[in-house]
$ cat final_5.cif   # mmCIF, C-alpha atoms
data_my_file
loop_
_atom_site.label_atom_id
_atom_site.label_comp_id
_atom_site.auth_asym_id
_atom_site.auth_seq_id
_atom_site.Cartn_x
_atom_site.Cartn_y
_atom_site.Cartn_z
CA GLY A 1 4.23 2.50 -22.87
CA ALA A 2 6.87 0.57 -20.98
CA GLY A 3 6.07 -0.31 -17.42
CA VAL A 4 8.28 -1.26 -14.51
CA SER A 5 10.45 -4.21 -15.34
CA GLN A 6 12.33 -6.52 -13.02
CA SER A 7 14.94 -9.14 -13.60
CA PRO A 8 15.38 -11.98 -13.21
CA SER A 9 11.78 -13.12 -13.00
CA ASN A 10 12.85 -16.18 -11.05
CA LYS A 11 16.00 -16.91 -9.10
CA VAL A 12 16.96 -20.12 -7.35
CA THR A 13 20.08 -19.95 -5.23
CA GLU A 14 21.83 -21.89 -2.53
CA LYS A 15 21.93 -20.76 1.05
CA GLY A 16 24.90 -18.51 1.66
CA LYS A 17 25.18 -17.17 -1.88
CA ASP A 18 24.70 -13.52 -2.80
CA VAL A 19 21.95 -12.43 -5.18
CA GLU A 20 21.31 -9.22 -7.06
CA LEU A 21 17.86 -8.19 -8.19
CA ARG A 22 17.27 -5.44 -10.72
CA CYS A 23 14.46 -2.94 -11.21
CA ASP A 24 13.97 -0.63 -14.18
CA PRO A 25 11.40 2.02 -13.24
CA ILE A 26 9.18 3.99 -15.56
CA SER A 27 11.12 6.82 -17.14
CA GLY A 28 10.64 10.08 -15.25
CA HIS A 29 9.51 8.45 -12.02
CA THR A 30 11.56 9.93 -9.24
CA ALA A 31 10.31 7.63 -6.47
CA LEU A 32 11.20 3.96 -6.29
CA TYR A 33 10.20 1.40 -3.68
CA TRP A 34 11.27 -2.15 -2.94
CA TYR A 35 8.91 -4.51 -1.14
CA ARG A 36 9.03 -8.14 -0.10
CA GLN A 37 5.99 -10.41 -0.23
CA ARG A 38 6.18 -13.82 1.33
CA LEU A 39 3.79 -16.48 0.08
CA GLY A 40 0.21 -15.52 0.94
CA GLN A 41 1.34 -12.52 2.94
CA GLY A 42 1.11 -8.76 2.63
CA LEU A 43 3.66 -6.25 1.42
CA GLU A 44 6.72 -5.66 3.56
CA PHE A 45 8.38 -2.33 2.87
CA LEU A 46 12.14 -2.56 2.37
CA ILE A 47 13.54 0.70 1.01
CA TYR A 48 12.40 3.94 -0.62
CA PHE A 49 14.37 6.17 -2.97
CA GLN A 50 13.06 9.71 -3.40
CA GLY A 51 14.86 11.72 -6.03
CA ASN A 52 18.24 12.89 -4.80
CA SER A 53 17.37 12.56 -1.11
CA ALA A 54 18.98 9.96 1.11
CA PRO A 55 17.03 6.71 0.78
CA ASP A 56 14.72 5.54 3.54
CA LYS A 57 16.26 2.22 4.52
CA SER A 58 14.11 1.69 7.59
CA GLY A 59 12.52 -1.47 6.23
CA LEU A 60 15.65 -3.44 5.43
CA PRO A 61 15.49 -6.53 7.68
CA SER A 62 19.22 -6.95 8.24
CA ASP A 63 22.61 -5.70 7.12
CA ARG A 64 22.65 -8.50 4.55
CA PHE A 65 20.24 -6.39 2.52
CA SER A 66 21.31 -3.33 0.59
CA ALA A 67 20.05 -1.35 -2.38
CA GLU A 68 21.40 1.22 -4.75
CA ARG A 69 19.86 3.49 -7.31
CA THR A 70 21.65 5.30 -10.08
CA GLY A 71 20.10 8.75 -10.37
CA GLU A 72 16.47 8.30 -11.29
CA SER A 73 16.94 5.09 -13.17
CA VAL A 74 17.87 1.51 -12.43
CA SER A 75 17.92 0.13 -8.91
CA THR A 76 19.52 -3.04 -7.62
CA LEU A 77 18.65 -4.89 -4.44
CA THR A 78 21.44 -7.08 -3.13
CA ILE A 79 21.03 -9.84 -0.59
CA GLN A 80 24.26 -11.22 0.79
CA ARG A 81 24.68 -14.65 2.34
CA THR A 82 21.11 -15.61 1.52
CA GLN A 83 19.06 -17.55 4.03
CA GLN A 84 16.01 -19.73 3.46
CA GLU A 85 13.78 -17.14 5.10
CA ASP A 86 14.74 -14.72 2.32
CA SER A 87 12.61 -16.77 -0.07
CA ALA A 88 9.85 -14.48 -1.28
CA VAL A 89 8.72 -12.36 -4.18
CA TYR A 90 10.58 -9.06 -4.32
CA LEU A 91 8.51 -6.28 -5.84
CA CYS A 92 9.66 -2.96 -7.16
CA ALA A 93 7.37 0.02 -7.72
CA SER A 94 7.93 3.50 -9.10
CA SER A 95 5.89 6.66 -9.01
CA LEU A 96 5.92 10.38 -9.58
CA ASP A 97 6.96 11.83 -6.28
CA ARG A 98 4.14 14.29 -5.90
CA PRO A 99 1.46 13.14 -3.45
CA GLU A 100 -1.43 14.45 -5.50
CA ARG A 101 -0.19 12.47 -8.48
CA GLU A 102 0.80 9.42 -6.50
CA THR A 103 0.12 6.10 -8.15
CA GLN A 104 2.58 3.29 -7.71
CA TYR A 105 3.29 1.16 -10.73
CA PHE A 106 4.50 -2.27 -9.76
CA GLY A 107 6.81 -4.54 -11.62
CA PRO A 108 6.04 -8.24 -12.01
CA GLY A 109 8.43 -9.15 -9.22
CA THR A 110 11.39 -11.46 -8.80
CA ARG A 111 10.56 -14.78 -7.21
CA LEU A 112 13.53 -15.80 -5.07
CA LEU A 113 13.93 -19.32 -3.76
CA VAL A 114 16.79 -20.07 -1.41
CA LEU A 115 17.52 -23.77 -1.06
CA ALA B 116 4.17 7.86 12.07
CA GLN B 117 1.47 6.96 9.62
CA SER B 118 -0.23 3.58 9.61
CA VAL B 119 -2.94 1.60 7.90
CA ALA B 120 -5.15 -1.10 9.40
CA GLN B 121 -7.07 -3.70 7.46
CA PRO B 122 -8.88 -5.50 10.26
CA GLU B 123 -10.07 -8.48 8.23
CA ASP B 124 -7.67 -11.08 6.92
CA GLN B 125 -10.39 -12.46 4.68
CA VAL B 126 -13.81 -11.40 3.51
CA ASN B 127 -16.26 -13.89 2.02
CA VAL B 128 -19.24 -12.72 0.03
CA ALA B 129 -21.74 -14.42 -2.25
CA GLU B 130 -21.71 -13.50 -5.92
CA GLY B 131 -24.17 -10.69 -6.61
CA ASN B 132 -24.10 -9.39 -3.05
CA PRO B 133 -22.54 -6.07 -2.08
CA LEU B 134 -19.03 -6.22 -0.70
CA THR B 135 -17.06 -4.06 1.69
CA VAL B 136 -13.36 -4.30 2.50
CA LYS B 137 -12.44 -2.20 5.49
CA CYS B 138 -9.52 0.17 5.94
CA THR B 139 -8.66 2.69 8.63
CA TYR B 140 -5.64 4.93 8.73
CA SER B 141 -3.60 7.24 10.89
CA VAL B 142 -1.62 10.11 9.39
CA SER B 143 -0.52 13.63 10.18
CA GLY B 144 -2.18 16.19 8.00
CA ASN B 145 -4.31 15.47 4.99
CA PRO B 146 -4.19 11.87 3.81
CA TYR B 147 -3.77 10.54 0.32
CA LEU B 148 -5.50 7.16 0.26
CA PHE B 149 -5.24 4.30 -2.20
CA TRP B 150 -6.53 0.85 -2.96
CA TYR B 151 -4.50 -1.69 -4.91
CA VAL B 152 -5.53 -5.18 -6.03
CA GLN B 153 -3.46 -8.31 -6.61
CA TYR B 154 -5.15 -10.99 -8.65
CA PRO B 155 -3.84 -14.56 -8.30
CA ASN B 156 -0.48 -14.99 -10.00
CA ARG B 157 -0.54 -11.43 -11.26
CA GLY B 158 1.09 -8.19 -10.28
CA LEU B 159 -0.28 -5.45 -8.08
CA GLN B 160 -2.54 -2.97 -9.82
CA PHE B 161 -3.80 0.44 -8.84
CA LEU B 162 -7.57 0.49 -8.25
CA LEU B 163 -8.47 3.96 -7.03
CA LYS B 164 -7.31 6.87 -4.91
CA TYR B 165 -8.57 9.77 -2.84
CA ILE B 166 -6.64 13.00 -3.04
CA THR B 167 -9.17 15.70 -2.35
CA GLY B 168 -12.73 16.68 -3.19
CA ASP B 169 -15.68 14.33 -3.28
CA ASN B 170 -15.56 11.77 -0.48
CA LEU B 171 -16.85 9.03 -2.77
CA VAL B 172 -14.20 7.90 -5.20
CA LYS B 173 -14.94 5.67 -8.15
CA GLY B 174 -12.32 3.38 -9.61
CA SER B 175 -11.75 0.50 -11.93
CA TYR B 176 -13.97 -2.58 -12.31
CA GLY B 177 -16.97 -0.94 -10.61
CA PHE B 178 -15.24 -0.42 -7.29
CA GLU B 179 -15.65 2.67 -5.17
CA ALA B 180 -14.38 3.86 -1.82
CA GLU B 181 -15.67 6.36 0.67
CA PHE B 182 -13.37 8.68 2.55
CA ASN B 183 -14.66 9.36 6.06
CA LYS B 184 -12.47 11.89 7.82
CA SER B 185 -14.18 11.66 11.22
CA GLN B 186 -13.80 7.88 11.30
CA THR B 187 -10.42 7.94 9.54
CA SER B 188 -11.67 5.25 7.22
CA PHE B 189 -11.48 4.49 3.53
CA HIS B 190 -13.58 1.37 2.98
CA LEU B 191 -13.67 -0.26 -0.44
CA LYS B 192 -17.10 -1.16 -1.78
CA LYS B 193 -18.82 -2.70 -4.75
CA PRO B 194 -22.60 -3.01 -5.17
CA SER B 195 -22.55 -6.47 -6.74
CA ALA B 196 -19.61 -8.85 -6.34
CA LEU B 197 -18.30 -11.01 -9.15
CA VAL B 198 -16.35 -14.24 -8.79
CA SER B 199 -13.59 -12.56 -10.77
CA ASP B 200 -13.24 -9.96 -7.99
CA SER B 201 -11.62 -12.63 -5.81
CA ALA B 202 -8.17 -11.27 -5.06
CA LEU B 203 -5.95 -9.71 -2.43
CA TYR B 204 -6.75 -6.07 -1.72
CA PHE B 205 -4.34 -3.58 -0.21
CA CYS B 206 -5.16 -0.22 1.30
CA ALA B 207 -2.40 2.41 1.41
CA VAL B 208 -1.91 5.90 2.80
CA ARG B 209 0.50 8.72 2.25
CA GLY B 210 0.77 11.83 4.37
CA GLY B 211 2.36 14.65 2.43
CA TYR B 212 5.81 13.74 1.20
CA GLN B 213 6.19 10.72 3.49
CA LYS B 214 6.57 7.34 1.86
CA VAL B 215 3.47 5.33 1.10
CA THR B 216 2.44 2.85 3.80
CA PHE B 217 0.53 -0.29 2.83
CA GLY B 218 -1.83 -2.36 4.92
CA ILE B 219 -1.30 -6.09 5.29
CA GLY B 220 -3.97 -6.92 2.76
CA THR B 221 -7.43 -8.50 2.82
CA LYS B 222 -8.24 -11.59 0.83
CA LEU B 223 -11.61 -11.29 -0.86
CA GLN B 224 -13.33 -14.54 -1.73
CA VAL B 225 -16.48 -14.29 -3.85
CA ILE B 226 -18.50 -17.47 -3.67
CA PRO B 227 -20.50 -18.54 -6.74
#
$ encode --input "final_5.cif" --output "structure tokens"
Amino acid sequence: GAGVSQSPSNKVTEKGKDVELRCDPISGHTALYWYRQRLGQGLEFLIYFQGNSAPDKSGLPSDRFSAERTGESVSTLTIQRTQQEDSAVYLCASSLDRPERETQYFGPGTRLLVL
Amino acid sequence: AQSVAQPEDQVNVAEGNPLTVKCTYSVSGNPYLFWYVQYPNRGLQFLLKYITGDNLVKGSYGFEAEFNKSQTSFHLKKPSALVSDSALYFCAVRGGYQKVTFGIGTKLQVIP
């Protein structure tokens, strides 16, 4: 079956430009996470969407970062006025939002390079 | 607040030897515990999880993990390491309906 997809797979942008990253979760998955992974580093939590509840935005590093999700489908992560330190792989994951059935399925990521 | 600690940035083990990647956690209530693996230039994959029941959980690729409630640990183990096991391993925890929290990852290097 279809897994989590992300687009674009790679994005090169100039400092100061805005970028929009897209995540298509697995159908029926009510939970969706965004993470950032810098080169050789661990996962940095950004934002968590849980069904119709207000998203947990506690991981967003600055007000330049925002994310939206339409119902239980597509999510977009927007970075405004990009900086070089935003360069990283941005990972999206979705899961069924029941702890006993929890398994996160990760997308392949979007590799962002800010010049 | 829940948290996960992976105390080792890197673990080196000789091929054929047993391996252990350590993980400890802190959570309110009963924990749901997970291991994920990230092979070089590939996406993150689920490896195994503990929900309830037997403390020894078996997962993919011959890996297993032991839930120890008194020590709040969930160490990942394999009896005989393969070079192909070299990867970045992440431990994660979820307490009830809180969001999942990941550790910072441990790089496993299996030496031929």
$ resolve_selection --input "final_5.cif" --expression "the PyMOL selection byres ((chain B) within 9 of (chain A))" --output "MDAnalysis selection string"
chainID B and resid 147 149 157:161 163:167 203 205 209:214 216:221
$ atom_distance --input "final_5.cif" --atom1 "atom CA of A:Phe65" --atom2 "atom CA of A:Gly51"
20.7 Å
$ residues_near_point --input "final_5.cif" --point "(-9.5, -12.8, -7.6)" --cutoff "6 Å" --atoms "only C-alpha atoms" --output "ChimeraX atom specification"
/B:154-155,199-202
$ resolve_selection --input "final_5.cif" --expression "the PyMOL selection byres ((chain A and resi 76) around 7)" --output "list in words"
Glu20, Leu21, Arg22, Cys23, Ala67, Glu68, Arg69, Val74, Ser75, Leu77 and Thr78 of chain A
$ atom_distance --input "final_5.cif" --atom1 "atom CA of A:Thr70" --atom2 "atom CA of A:Ser7"
16.3 Å
$ residues_around --input "final_5.cif" --residues "B:Gly131" --least-positions-apart "5" --cutoff "12 Å" --atoms "all atoms listed in the file" --output "PyMOL selection string"
chain B and resi 193-200+225-227
$ closest_residue --input "final_5.cif" --among "B:Gln153, B:Gln117, B:Tyr176, B:Cys138" --to "B:Lys222" --atoms "only C-alpha atoms"
B:Gln153
$ resolve_selection --input "final_5.cif" --expression "the PyMOL selection byres ((chain A and resi 88) around 12)" --output "PDB file with C-alpha atoms, in the frame of the given file"
ATOM      1  CA  SER A   9      11.780 -13.120 -13.000  1.00  0.00           C
ATOM      2  CA  ASN A  10      12.850 -16.180 -11.050  1.00  0.00           C
ATOM      3  CA  LYS A  11      16.000 -16.910  -9.100  1.00  0.00           C
ATOM      4  CA  VAL A  12      16.960 -20.120  -7.350  1.00  0.00           C
ATOM      5  CA  TYR A  35       8.910  -4.510  -1.140  1.00  0.00           C
ATOM      6  CA  ARG A  36       9.030  -8.140  -0.100  1.00  0.00           C
ATOM      7  CA  GLN A  37       5.990 -10.410  -0.230  1.00  0.00           C
ATOM      8  CA  ARG A  38       6.180 -13.820   1.330  1.00  0.00           C
ATOM      9  CA  LEU A  39       3.790 -16.480   0.080  1.00  0.00           C
ATOM     10  CA  GLY A  40       0.210 -15.520   0.940  1.00  0.00           C
ATOM     11  CA  GLN A  41       1.340 -12.520   2.940  1.00  0.00           C
ATOM     12  CA  GLY A  42       1.110  -8.760   2.630  1.00  0.00           C
ATOM     13  CA  LEU A  43       3.660  -6.250   1.420  1.00  0.00           C
ATOM     14  CA  GLU A  44       6.720  -5.660   3.560  1.00  0.00           C
ATOM     15  CA  THR A  82      21.110 -15.610   1.520  1.00  0.00           C
ATOM     16  CA  GLN A  83      19.060 -17.550   4.030  1.00  0.00           C
ATOM     17  CA  GLN A  84      16.010 -19.730   3.460  1.00  0.00           C
ATOM     18  CA  GLU A  85      13.780 -17.140   5.100  1.00  0.00           C
ATOM     19  CA  ASP A  86      14.740 -14.720   2.320  1.00  0.00           C
ATOM     20  CA  SER A  87      12.610 -16.770  -0.070  1.00  0.00           C
ATOM     21  CA  VAL A  89       8.720 -12.360  -4.180  1.00  0.00           C
ATOM     22  CA  TYR A  90      10.580  -9.060  -4.320  1.00  0.00           C
ATOM     23  CA  LEU A  91       8.510  -6.280  -5.840  1.00  0.00           C
ATOM     24  CA  GLY A 109       8.430  -9.150  -9.220  1.00  0.00           C
ATOM     25  CA  THR A 110      11.390 -11.460  -8.800  1.00  0.00           C
ATOM     26  CA  ARG A 111      10.560 -14.780  -7.210  1.00  0.00           C
ATOM     27  CA  LEU A 112      13.530 -15.800  -5.070  1.00  0.00           C
ATOM     28  CA  LEU A 113      13.930 -19.320  -3.760  1.00  0.00           C
ATOM     29  CA  VAL A 114      16.790 -20.070  -1.410  1.00  0.00           C
TER      30      VAL A 114
END
$ residues_around --input "final_5.cif" --residues "B:Lys137" --least-positions-apart "4" --cutoff "7 Å" --atoms "all atoms listed in the file" --output "VMD selection string"
chain B and resid 121 to 122 190 to 191
